[in-house]
Structure formats: structure tokens, C-alpha cells
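Coordinates from query-v8.txt are shown below (compact mmCIF, C-alpha atoms and all ligand atoms).
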# COMPACT_ATOMS: atom_id res chain seq x y z
CA MET A 1 191.15 50.42 130.73
CA LYS A 2 193.67 48.16 128.98
CA PRO A 3 196.36 49.90 126.93
CA ASN A 4 195.54 49.68 123.25
CA ASP A 5 198.79 49.25 121.33
CA THR A 6 197.11 49.31 117.96
CA LEU A 7 196.19 53.00 118.37
CA MET A 8 198.74 55.38 116.92
CA VAL A 9 198.74 59.13 117.38
CA VAL A 10 200.18 61.33 114.63
CA LYS A 11 200.09 65.01 113.72
CA ALA A 12 196.88 66.05 112.04
CA THR A 13 197.10 66.73 108.31
CA HIS A 14 194.50 67.86 105.79
CA GLU A 15 194.61 64.33 104.38
CA ASN A 16 194.18 62.26 107.56
CA MET A 17 191.44 64.61 108.88
CA LYS A 18 189.20 64.65 105.81
CA ASP A 19 186.92 61.68 106.56
CA LEU A 20 186.71 62.43 110.27
CA VAL A 21 185.53 65.99 109.69
CA SER A 22 182.71 64.69 107.50
CA LYS A 23 181.82 62.13 110.18
CA TYR A 24 181.68 64.86 112.82
CA TYR A 25 179.58 67.04 110.54
CA TYR A 26 176.98 64.37 109.77
CA LYS A 27 176.79 63.35 113.43
CA GLN A 28 176.09 66.91 114.64
CA ASN A 29 174.03 67.97 111.66
CA GLN A 30 170.97 66.51 113.40
CA ASN A 31 171.38 68.98 116.29
CA SER A 32 168.43 71.33 115.81
CA TYR A 33 170.00 73.97 118.06
CA LEU A 34 172.94 74.58 115.71
CA ALA A 35 172.72 77.75 113.63
CA LYS A 36 172.58 77.86 109.85
CA ASN A 37 176.27 78.78 109.66
CA PHE A 38 177.10 75.15 110.58
CA THR A 39 178.09 73.92 107.13
CA LEU A 40 180.68 71.40 106.05
CA GLU A 41 182.51 74.16 104.21
CA ALA A 42 182.74 76.39 107.30
CA LEU A 43 183.79 73.44 109.40
CA ASN A 44 186.57 72.53 106.95
CA THR A 45 187.85 76.11 107.03
CA ASP A 46 188.02 76.15 110.85
CA ILE A 47 189.59 72.72 111.01
CA GLY A 48 192.06 73.69 108.28
CA TYR A 49 193.15 76.71 110.32
CA LEU A 50 193.74 74.54 113.37
CA ILE A 51 195.70 71.94 111.40
CA ASP A 52 198.02 74.69 110.15
CA LYS A 53 198.23 76.94 113.22
CA GLY A 54 196.94 75.04 116.26
CA LEU A 55 197.98 72.00 118.25
CA SER A 56 196.46 69.12 116.32
CA TYR A 57 196.65 65.30 116.48
CA VAL A 58 194.85 62.37 114.93
CA SER A 59 194.49 58.83 116.25
CA ILE A 60 194.81 55.99 113.76
CA GLU A 61 193.84 52.35 114.22
CA ASN A 62 194.73 49.79 111.54
CA GLU A 63 195.44 52.65 109.14
CA VAL A 64 191.98 54.17 109.69
CA PRO A 65 191.66 57.59 111.44
CA VAL A 66 189.37 57.15 114.47
CA GLY A 67 189.62 60.42 116.36
CA TYR A 68 191.17 63.85 116.54
CA ILE A 69 191.95 66.61 118.95
CA LEU A 70 192.82 70.11 117.78
CA GLY A 71 193.12 73.35 119.69
CA TYR A 72 193.93 77.04 119.58
CA LYS A 73 197.08 78.08 121.41
CA VAL A 74 195.99 80.86 123.76
CA LYS A 75 198.50 83.14 125.51
CA GLU A 76 196.23 83.80 128.49
CA LEU A 77 193.60 81.13 128.93
CA PHE A 78 192.98 81.10 132.69
CA PHE A 79 194.51 83.17 135.47
CA ASN A 80 196.92 84.78 132.97
CA ASN A 81 198.37 81.36 132.12
CA PRO A 82 198.88 80.05 128.60
CA GLY A 83 196.77 77.13 127.49
CA VAL A 84 195.05 75.34 124.65
CA TYR A 85 191.37 75.74 123.85
CA THR A 86 189.59 72.93 122.01
CA PRO A 87 186.14 74.00 120.77
CA ASP A 88 183.35 71.46 120.27
CA PHE A 89 184.11 70.85 116.59
CA ALA A 90 187.80 70.26 117.33
CA VAL A 91 187.44 67.03 119.28
CA TYR A 92 186.07 63.75 117.96
CA PHE A 93 186.66 60.20 119.16
CA GLU A 94 185.03 56.89 118.42
CA ASN A 95 185.53 55.59 121.97
CA ASN A 96 187.13 56.66 125.26
CA GLN A 97 190.28 54.67 124.55
CA VAL A 98 190.88 56.87 121.50
CA LEU A 99 190.45 60.09 123.51
CA TYR A 100 192.80 58.76 126.18
CA ARG A 101 195.58 58.03 123.68
CA LEU A 102 195.09 61.40 122.00
CA LEU A 103 195.28 63.27 125.31
CA GLU A 104 198.37 61.37 126.41
CA VAL A 105 200.24 62.75 123.41
CA TYR A 106 198.52 66.13 123.64
CA TYR A 107 199.55 66.77 127.25
CA GLU A 108 203.12 65.74 126.53
CA LYS A 109 203.31 68.34 123.78
CA MET A 110 201.54 70.96 125.91
CA LYS A 111 204.02 70.43 128.74
CA LYS A 112 206.93 70.92 126.34
CA LEU A 113 205.39 74.20 125.21
CA ASN A 114 204.67 75.32 128.82
CA PHE A 115 200.91 75.38 128.43
CA THR A 116 199.34 74.92 131.85
CA HIS A 117 195.60 74.62 131.06
CA HIS A 118 193.48 72.69 128.62
CA ALA A 119 189.86 73.71 128.01
CA MET A 120 187.45 71.63 125.92
CA THR A 121 183.87 72.28 124.88
CA PHE A 122 181.34 69.50 124.26
CA LEU A 123 177.89 69.86 122.79
CA THR A 124 175.03 68.54 124.89
CA PRO A 125 173.85 65.92 125.55
CA PHE A 126 177.26 64.72 126.70
CA HIS A 127 178.13 62.14 129.35
CA ASP A 128 181.09 63.68 131.08
CA ASP A 129 182.06 60.86 133.47
CA PHE A 130 185.17 59.98 131.51
CA ILE A 131 186.58 63.46 131.19
CA ILE A 132 185.85 64.17 134.87
CA GLN A 133 187.86 61.00 135.55
CA LEU A 134 190.66 62.54 133.48
CA GLY A 135 190.75 65.55 135.79
CA TYR A 136 188.57 68.11 134.04
CA GLY A 137 186.11 70.37 135.84
CA LEU A 138 183.06 72.11 134.43
CA ARG A 139 183.60 75.83 134.02
CA VAL A 140 181.28 77.50 131.48
CA ILE A 141 177.81 76.63 130.16
CA ASP A 142 176.31 77.99 126.92
CA GLY A 143 172.60 78.36 126.26
CA VAL A 144 170.37 79.17 123.29
CA ARG A 145 166.74 80.20 123.02
CA PHE A 146 164.32 80.78 120.16
CA PRO A 147 162.34 83.90 121.08
CA LYS A 148 158.57 84.07 120.75
CA LYS A 149 156.08 86.90 121.09
CA TYR A 150 154.42 87.47 124.47
CA ILE A 151 151.37 89.58 125.15
CA ILE A 152 152.16 91.61 128.24
CA ASN A 153 149.67 94.17 129.43
CA ASP A 154 149.75 94.05 133.19
CA SER A 155 153.40 94.45 133.99
CA GLU A 156 155.04 97.00 136.22
CA ILE A 157 158.34 95.73 134.85
CA SER A 158 159.67 97.17 131.60
CA ILE A 159 162.95 97.45 129.71
CA LYS A 160 164.41 100.45 127.94
CA ALA A 161 167.71 101.02 126.13
CA ALA A 162 169.97 103.08 128.40
CA GLU A 163 171.68 106.27 127.30
CA ILE A 164 174.82 108.01 128.52
CA SER A 165 172.62 110.13 130.77
CA ASP A 166 171.70 106.94 132.71
CA PHE A 167 175.34 106.45 133.73
CA ASN A 168 174.98 107.62 137.35
CA ASN A 169 171.83 105.59 137.98
CA LEU A 170 173.28 102.43 136.47
CA LEU A 171 176.72 102.62 138.10
CA PRO A 172 175.71 101.30 141.56
CA ILE A 173 174.09 98.23 139.95
CA PHE A 174 177.16 97.68 137.76
CA LYS A 175 179.27 97.85 140.93
CA GLU A 176 177.03 95.32 142.69
CA HIS A 177 177.32 93.01 139.67
CA ASN A 178 181.08 93.35 139.51
CA LEU A 179 181.49 92.62 143.18
CA TYR A 180 179.22 89.58 142.91
CA MET A 181 181.12 88.16 139.91
CA SER A 182 184.59 88.78 141.39
CA SER A 183 183.79 87.38 144.86
CA SER A 184 183.67 83.79 146.09
CA PRO A 185 182.87 81.35 144.63
CA ILE A 186 183.04 82.84 141.12
CA PHE A 187 186.25 84.90 141.29
CA LEU A 188 186.18 86.40 137.80
CA ASP A 189 188.80 89.10 137.31
CA ALA A 190 187.41 92.36 138.70
CA GLU A 191 186.91 95.05 136.05
CA ASP A 192 186.61 98.76 136.72
CA PRO A 193 182.79 99.11 136.71
CA SER A 194 182.75 102.76 135.71
CA GLU A 195 185.16 102.18 132.81
CA GLU A 196 183.19 99.12 131.72
CA LEU A 197 179.84 100.94 131.87
CA ASN A 198 181.21 103.89 129.98
CA GLU A 199 182.59 101.64 127.24
CA VAL A 200 179.49 99.56 126.90
CA LEU A 201 177.18 102.58 126.72
CA LYS A 202 179.27 103.96 123.85
CA ASP A 203 179.55 100.66 121.97
CA GLU A 204 177.39 100.80 118.84
CA HIS A 205 176.99 97.00 118.76
CA LYS A 206 175.67 96.76 122.29
CA ILE A 207 172.54 97.84 124.09
CA VAL A 208 172.40 98.20 127.85
CA PHE A 209 168.79 97.50 128.75
CA LYS A 210 167.63 99.17 131.93
CA ILE A 211 165.25 96.87 133.76
CA LEU A 212 162.65 99.07 135.44
CA TYR A 213 160.14 98.54 138.22
CA LYS A 214 157.71 101.36 137.54
CA LEU A 215 160.24 104.20 137.09
CA GLU A 216 163.04 102.77 139.23
CA ILE A 217 166.06 101.08 137.60
CA ILE A 218 166.39 97.76 139.40
CA GLY A 219 168.64 95.90 137.00
CA PHE A 220 170.40 95.85 133.66
CA SER A 221 171.18 93.45 130.87
CA ILE A 222 173.74 93.97 128.11
CA VAL A 223 172.91 92.57 124.70
CA ASP A 224 175.29 92.36 121.79
CA LYS A 225 173.98 92.64 118.23
CA LYS A 226 177.26 91.54 116.67
CA TYR A 227 179.15 89.14 118.92
CA ALA A 228 177.13 86.52 120.76
CA PRO A 229 178.73 84.43 123.49
CA GLY A 230 179.09 80.66 123.25
CA GLY A 231 180.10 78.27 120.49
CA LYS A 232 180.64 79.62 117.00
CA TYR A 233 178.04 77.37 115.39
CA PHE A 234 175.28 78.42 117.79
CA LYS A 235 175.14 81.95 116.46
CA ASP A 236 174.54 83.65 113.15
CA SER A 237 173.53 87.09 111.89
CA GLU A 238 170.06 86.65 113.43
CA THR A 239 171.39 85.88 116.91
CA LEU A 240 171.29 88.37 119.75
CA GLY A 241 173.95 87.77 122.39
CA VAL A 242 173.10 88.19 126.07
CA LYS A 243 176.03 89.35 128.17
CA GLY A 244 176.09 90.56 131.82
CA THR A 245 172.63 90.61 133.41
CA HIS A 246 171.88 91.70 136.95
CA ILE A 247 168.85 92.31 139.12
CA LYS A 248 169.55 94.28 142.31
CA ARG A 249 169.92 91.88 145.20
CA LYS A 250 166.81 92.97 147.09
CA TYR A 251 164.69 92.45 143.96
CA GLN A 252 166.08 88.99 143.09
CA ASN A 253 163.93 85.86 143.12
CA LYS A 254 160.71 87.83 142.56
CA GLN A 255 160.12 86.66 138.98
CA ILE A 256 161.57 89.87 137.52
CA GLY A 257 164.19 87.90 135.61
CA ARG A 258 161.44 85.71 134.18
CA ARG A 259 159.57 88.80 132.99
CA TYR A 260 162.80 90.12 131.46
CA ILE A 261 163.07 86.90 129.41
CA GLU A 262 159.64 87.67 127.91
CA LEU A 263 160.40 91.34 127.30
CA LEU A 264 163.67 90.47 125.57
CA ASP A 265 161.89 87.86 123.45
CA ASN A 266 159.50 90.57 122.30
CA TYR A 267 162.43 92.85 121.45
CA CYS A 268 163.95 90.03 119.38
CA VAL A 269 160.74 89.26 117.49
CA ASP A 270 160.18 92.97 116.78
CA ASN A 271 163.78 93.46 115.61
CA GLY A 272 164.39 90.39 113.47
CA TYR A 273 166.44 88.22 115.85
CA ASN A 274 165.50 84.54 115.67
CA ARG A 275 167.81 83.25 118.32
CA LEU A 276 169.40 84.29 121.61
CA ALA A 277 172.74 83.04 122.95
CA VAL A 278 174.15 83.29 126.45
CA ASP A 279 177.01 81.82 128.45
CA PHE A 280 177.66 81.77 132.16
CA GLU A 281 180.00 80.39 134.81
CA SER A 282 178.92 76.96 136.01
CA MET A 283 179.72 77.85 139.62
CA ASN A 284 177.31 80.80 139.51
CA LEU A 285 174.33 78.95 140.92
CA LEU A 286 171.97 81.92 140.54
CA ALA A 287 172.80 82.03 136.84
CA VAL A 288 172.55 78.26 136.41
CA THR A 289 169.13 77.98 138.07
CA PHE A 290 167.85 80.98 136.18
CA TRP A 291 169.14 80.43 132.62
CA ARG A 292 168.51 76.68 132.53
CA LYS A 293 164.80 77.36 133.12
CA HIS A 294 164.57 79.50 130.02
CA TYR A 295 167.40 78.45 127.70
CA HIS A 296 168.42 75.15 126.15
CA LEU A 297 171.87 74.30 127.54
CA SER A 298 173.72 73.75 124.30
CA ALA A 299 177.36 73.23 125.29
CA LYS A 300 179.62 72.83 128.29
CA THR A 301 183.27 73.81 128.64
CA TYR A 302 185.60 71.85 130.91
CA VAL A 303 189.07 72.79 132.10
CA LYS A 304 192.05 70.77 133.30
CA TYR A 305 195.09 72.18 135.02
CA LEU A 306 198.26 70.40 133.91
CA GLY A 307 200.61 72.10 136.32
CA LYS A 308 203.67 74.21 135.58
C1 LIG A 401 170.21 85.55 137.62
C2 LIG A 401 169.25 86.71 137.89
C3 LIG A 401 169.40 87.75 136.78
C4 LIG A 401 167.83 86.14 137.89
O1 LIG A 401 166.90 87.19 138.08
P1 LIG A 401 165.72 87.03 139.15
O2 LIG A 401 164.79 88.18 138.97
O3 LIG A 401 166.28 86.81 140.51
O4 LIG A 401 165.02 85.69 138.62
P2 LIG A 401 163.55 85.16 138.91
O5 LIG A 401 162.99 85.75 140.15
O6 LIG A 401 162.76 85.27 137.66
O7 LIG A 401 163.89 83.67 139.28
C5 LIG A 401 164.03 82.68 138.32
C6 LIG A 401 164.53 81.41 139.03
O8 LIG A 401 165.84 81.60 139.52
C7 LIG A 401 165.97 81.03 140.84
N1 LIG A 401 166.45 82.06 141.79
C8 LIG A 401 166.59 83.36 141.55
N2 LIG A 401 167.10 83.97 142.66
C9 LIG A 401 167.27 83.02 143.60
C10 LIG A 401 167.76 83.03 144.95
N3 LIG A 401 168.19 84.15 145.53
N4 LIG A 401 167.79 81.86 145.61
C11 LIG A 401 167.36 80.72 145.02
N5 LIG A 401 166.89 80.66 143.75
C12 LIG A 401 166.85 81.79 143.05
C13 LIG A 401 164.65 80.54 141.27
O9 LIG A 401 164.78 79.12 141.22
C14 LIG A 401 163.67 81.02 140.23
O10 LIG A 401 162.88 79.91 139.86
P3 LIG A 401 161.28 80.01 139.74
O11 LIG A 401 161.05 80.84 138.50
O12 LIG A 401 160.84 78.60 139.59
O13 LIG A 401 160.80 80.67 141.01
C15 LIG A 401 169.51 87.36 139.28
O14 LIG A 401 169.42 86.35 140.27
C16 LIG A 401 170.84 88.05 139.41
O15 LIG A 401 170.97 89.21 139.07
N6 LIG A 401 171.90 87.35 139.89
C17 LIG A 401 173.21 87.92 140.12
C18 LIG A 401 173.97 88.22 138.83
C19 LIG A 401 174.04 87.03 137.91
O16 LIG A 401 174.33 85.93 138.33
N7 LIG A 401 173.76 87.26 136.63
C20 LIG A 401 173.75 86.20 135.62
C21 LIG A 401 175.06 85.94 135.04
S1 LIG A 401 175.70 87.31 134.18
What do you get writing this file as C-alpha cells?
Amino acid sequence: MKPNDTLMVVKATHENMKDLVSKYYYKQNQNSYLAKNFTLEALNTDIGYLIDKGLSYVSIENEVPVGYILGYKVKELFFNNPGVYTPDFAVYFENNQVLYRLLEVYYEKMKKLNFTHHAMTFLTPFHDDFIIQLGYGLRVIDGVRFPKKYIINDSEISIKAAEISDFNNLLPIFKEHNLYMSSSPIFLDAEDPSEELNEVLKDEHKIVFKILYKLEIIGFSIVDKKYAPGGKYFKDSETLGVKGTHIKRKYQNKQIGRRYIELLDNYCVDNGYNRLAVDFESMNLLAVTFWRKHYHLSAKTYVKYLGK
């Protein structure tokens, strides 16, 4: 790529961002997977916050703004290191040259502030060749699904909301899940499974569904009625969030997960949820193969390590 000397990068202001935000909005407005909270007004509020409080730059060519990159400053982004997180609506560029110039300035500023990681989310479909070339790796994938009603009358698999009295029966599966998520190749920070289970069972916004084969608990799935994972504009008050989900190892790959998808859909339809949202680690191949069969992959988050 030839250097483009006509591209300037300046701090983002409410004035130089105005037209670009509208452009972003009208470009993404066609995305049928976005929730009804994706409005120009909401977008302007979020962008306004980032202009005032985040790390925010605009690229200008011949006096016309052609791209922006904004981000939240996060104290602990990855591995307890500080970084900047750029959500999908906080990055817009008319061509790769524009992104390149923006990032050049962005990294310089991040280095000065001792931020070691940059994470960016892009809505799908997105051709990621260029950002891979810039040193980013895929890390998290978000998915959405519109539930429908299934008629199920022959199943030995069922789901039931767990209660505190289920603690001892659920704990071994929570432990198995925790070990799986904190081991190679995923390496998420290990949580204390008994503390986590205790908290989640008491949380009024969450339901721990027991997944049962006949009367035996063979898995669990945590759903969140208030906070769904994934991008902000993929969830609204009618979205049910799907958090940790686990089928005991010896029961995996027997279509139990698939049945759970149907049972959860029925729960959603019966309880007024029109959309489901999930996110998962891209290096968790079991999760990727499973969720992508049933959910639309709506966004991908990439991370770059800038060094200390
Ligand atoms: C992801 C998970 C919940 C899926 O449940 P499951 O009951 O195994 O899923 P199913 O049997 O319905 O399989 C669905 C698909 O996943 C894939 N899959 C599941 N287990 C697999 C395995 N061990 N090897 C290869 N593929 C597998 C299959 O391709 C299958 O496709 P198919 O429907 O065309 O046969 C389960 O594998 C699990 O608990 N994994 C560990 C924890 C985890 O990763 N949770 C998700 C992130 S929180």
C-alpha cells in the first residue's frame, strides 16, 4: 500500500463525527439482525460518550471526514492488562488506507498511555484479511437467534429451572465446565465453581436450566433475562442472553445440545422473548461447531497485542 499523504488524522469532535455517524447508521440499518434499540439517537449518545471520554480519532481527506476509530479505555482488557475496546459502531472507514492511517495514530497514543491490547468488533459479513494482516487475531464470536415454537412429544430430554437444593447435583458439572474452559486451548481465567454456582443460583436475573436425561442432570445452561452477551445493538428488552452451557462429556455429541436449542426456543416463545443472544470463544471448537449450526453469527471480536 502506498502512503497516502492527503489523509490527516485528528482528534474526534462532535462536529467532525456528525456526518460519519449518520453514514454508519444508514449502512448498518439494513442489517436485519440488529435489535430495535439501534437508532440514530442511541448511536449518537454512545459515540458522544466516546468522543468525550474514550480514545477517539477521525481521518480527514481534502477536508472531508472519511473514517473514525473510537474506543473505551479499559483497565483490565486481557490477562489483567490495560487496553482499548472498540465496539462495532466505533469504527468506520471508507477504505483500508483510511483504517491504516487511523491505527498508526491510535497505536502511538495507546503506547504513550501504556495500553497493551486493542480489541475491535466487526459486524458480519466482514472480510478480515486486512486486519489479520495488521496483526489481529479472532477471539470472540457473537450469535443471535429468533426463537420459534417446536412441538416436542417424544423426548427423554427436558429442561427445568434449578433451585438452591440442586446445588450438590450441579456442582460436578460446573466443575467439569470450569476445567474445560480454563484448560488448553481456551485458558479463560479459572473461577471458583462453587462460588460461581452459588451466586448464579441466587441471582434474580438469571436462570440455571438443568438439562435432564430422564431424571438425571446431564448438563446446565445459564440464561440471563437482563444482560445478554454480545454487541449492544443485538439485544433489547425482549432478548434472552445465553451464558455458560455445558453437557457432561460422556453425553456430548448425541444431539442433546440440539434438543436444548428447541426447548429453550419454546421457553422464549412462552415467556415473551423474541431473540436470543450468545457469545463464545473462537478457539472453543465445540462451541463454534455447535452454536454456528443454530445461531446467526452476528459479530466477531479481534485482538492485537501491542507489547509493553
Ligand atoms: C457445546 C455443547 C453444549 C454442545 O452440546 P452437544 O449435546 O454435544 O451438541 P449436539 O450433540 O447437539 O451436537 C451439535 C453439533 O456439535 C458438534 N459436536 C458436538 N460435540 C462434538 C464432538 N465431541 N466432536 C465433534 N463435534 C461435536 C457436532 O458437529 C454436532 O453436529 P450435528 O448436529 O451435525 O451432529 C457441548 O459440546 C459442550 O458442553 N461442550 C463443552 C462446553 C462448551 O464448550 N460450552 C459452550 C460454550 S459456553
Residues within 10 Å of (186.6, 56.8, 113.2), counting only C-alpha atoms, listed as a ChimeraX atom specification: /A:19-21,23-24,59-61,64-68,92-95,98
Near-ligand residues for ligand LIG 401 (chain A), threshold 6 Å, only C-alpha atoms and all ligand atoms, as a ChimeraX atom specification: /A:177,244-247,252-258,280,286-287,289-290
Let's have the selection written as a PDB file, in the frame of the given file, with C-alpha atoms.
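Result file follows (part-v9.pdb):
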ATOM      1  CA  HIS A 177     177.320  93.010 139.670  1.00  0.00           C
ATOM      2  CA  GLY A 244     176.090  90.560 131.820  1.00  0.00           C
ATOM      3  CA  THR A 245     172.630  90.610 133.410  1.00  0.00           C
ATOM      4  CA  HIS A 246     171.880  91.700 136.950  1.00  0.00           C
ATOM      5  CA  ILE A 247     168.850  92.310 139.120  1.00  0.00           C
ATOM      6  CA  GLN A 252     166.080  88.990 143.090  1.00  0.00           C
ATOM      7  CA  ASN A 253     163.930  85.860 143.120  1.00  0.00           C
ATOM      8  CA  LYS A 254     160.710  87.830 142.560  1.00  0.00           C
ATOM      9  CA  GLN A 255     160.120  86.660 138.980  1.00  0.00           C
ATOM     10  CA  ILE A 256     161.570  89.870 137.520  1.00  0.00           C
ATOM     11  CA  GLY A 257     164.190  87.900 135.610  1.00  0.00           C
ATOM     12  CA  ARG A 258     161.440  85.710 134.180  1.00  0.00           C
ATOM     13  CA  PHE A 280     177.660  81.770 132.160  1.00  0.00           C
ATOM     14  CA  LEU A 286     171.970  81.920 140.540  1.00  0.00           C
ATOM     15  CA  ALA A 287     172.800  82.030 136.840  1.00  0.00           C
ATOM     16  CA  THR A 289     169.130  77.980 138.070  1.00  0.00           C
ATOM     17  CA  PHE A 290     167.850  80.980 136.180  1.00  0.00           C
TER      18      PHE A 290
END
Please identify every residue of region 185-274 of chain A that has at least one atom no farther than 12 Å from an atom of region 123-127 of chain A, counting only C-alpha atoms, and for each give the shortest atom pair and the distance in Å to one decimal, arranged by chain then increasing number, as JSON lines.
{"residue": "A:Gly230", "atom": "CA", "partner": "A:Leu123", "partner_atom": "CA", "distance": 10.9}
{"residue": "A:Gly231", "atom": "CA", "partner": "A:Leu123", "partner_atom": "CA", "distance": 9.0}
{"residue": "A:Lys232", "atom": "CA", "partner": "A:Leu123", "partner_atom": "CA", "distance": 11.7}
{"residue": "A:Tyr233", "atom": "CA", "partner": "A:Leu123", "partner_atom": "CA", "distance": 10.5}
{"residue": "A:Phe234", "atom": "CA", "partner": "A:Leu123", "partner_atom": "CA", "distance": 10.3}
Option closest in space to Val278 (chain A), from A:Phe146, A:Tyr302, A:Tyr107, A:Phe167 [counting only C-alpha atoms]: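 Nearest candidate to Val278 (chain A) out of A:Phe146, A:Tyr302, A:Tyr107, A:Phe167: A:Phe146.
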Residue nearest Val140 (chain A) among A:Asn114, A:Asn80, A:Thr121, A:Ser155 (counting only C-alpha atoms):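 Of all the options, A:Thr121 lies closest to Val140 (chain A).
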Contacts of region 200-213 of chain A within 7 Å, only C-alpha atoms, excl. fewer than 5 positions in-chain, as a list in words: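 The residues that qualify are Glu156, Ile157, Ser158, Ile159, Lys160, Ala161, Ala162, Glu163, Ile164, Ile218, Gly219, Phe220, Ser221, Ile222, Val223, Asp224, Lys225 and Lys226 of chain A.
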Using all atoms listed in the file: which of A:Val9, A:Met110, A:Ala228, A:Val144 has the shortest distance to Gln97 (chain A):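 Counting all atoms listed in the file, the residue closest to Gln97 (chain A) is A:Val9.
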Proximity to Asn16 (chain A) - best of A:Met283, A:Leu50, A:Leu103, A:Val58, all atoms listed in the file: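 Answer, going by the shortest atom-to-atom distance: A:Val58.
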Which residue of A:Tyr251, A:Tyr260, A:Tyr227, A:Tyr180 approaches Asn284 (chain A) most closely, using all atoms listed in the file: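 Under the stated criterion, the closest residue is A:Tyr180.
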Atom pair CA of Lys175 (chain A) / CA of Asp192 (chain A): separation (Å):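 Atom-to-atom, CA of Lys175 (chain A) and CA of Asp192 (chain A) are spaced 8.5 Å apart.
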Selection: 12 Å around Leu77 (chain A), only C-alpha atoms, excl. self and same-chain fewer than 2 positions, as a VMD selection string: chain A and resid 72 to 75 79 to 86 115 to 120 303 to 305
Residue nearest Thr301 (chain A) among A:Asn29, A:Ser282, A:Asn266, A:Asn198 (counting all atoms listed in the file):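 Closest candidate: A:Ser282.
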Pairwise distance for CA of Leu40 (chain A) and CA of Ser56 (chain A), rounded to one decimal in Å: 19.0 Å
Gap from CA of Asn37 (chain A) to CA of Cys268 (chain A) - Å, one decimal: 19.3 Å
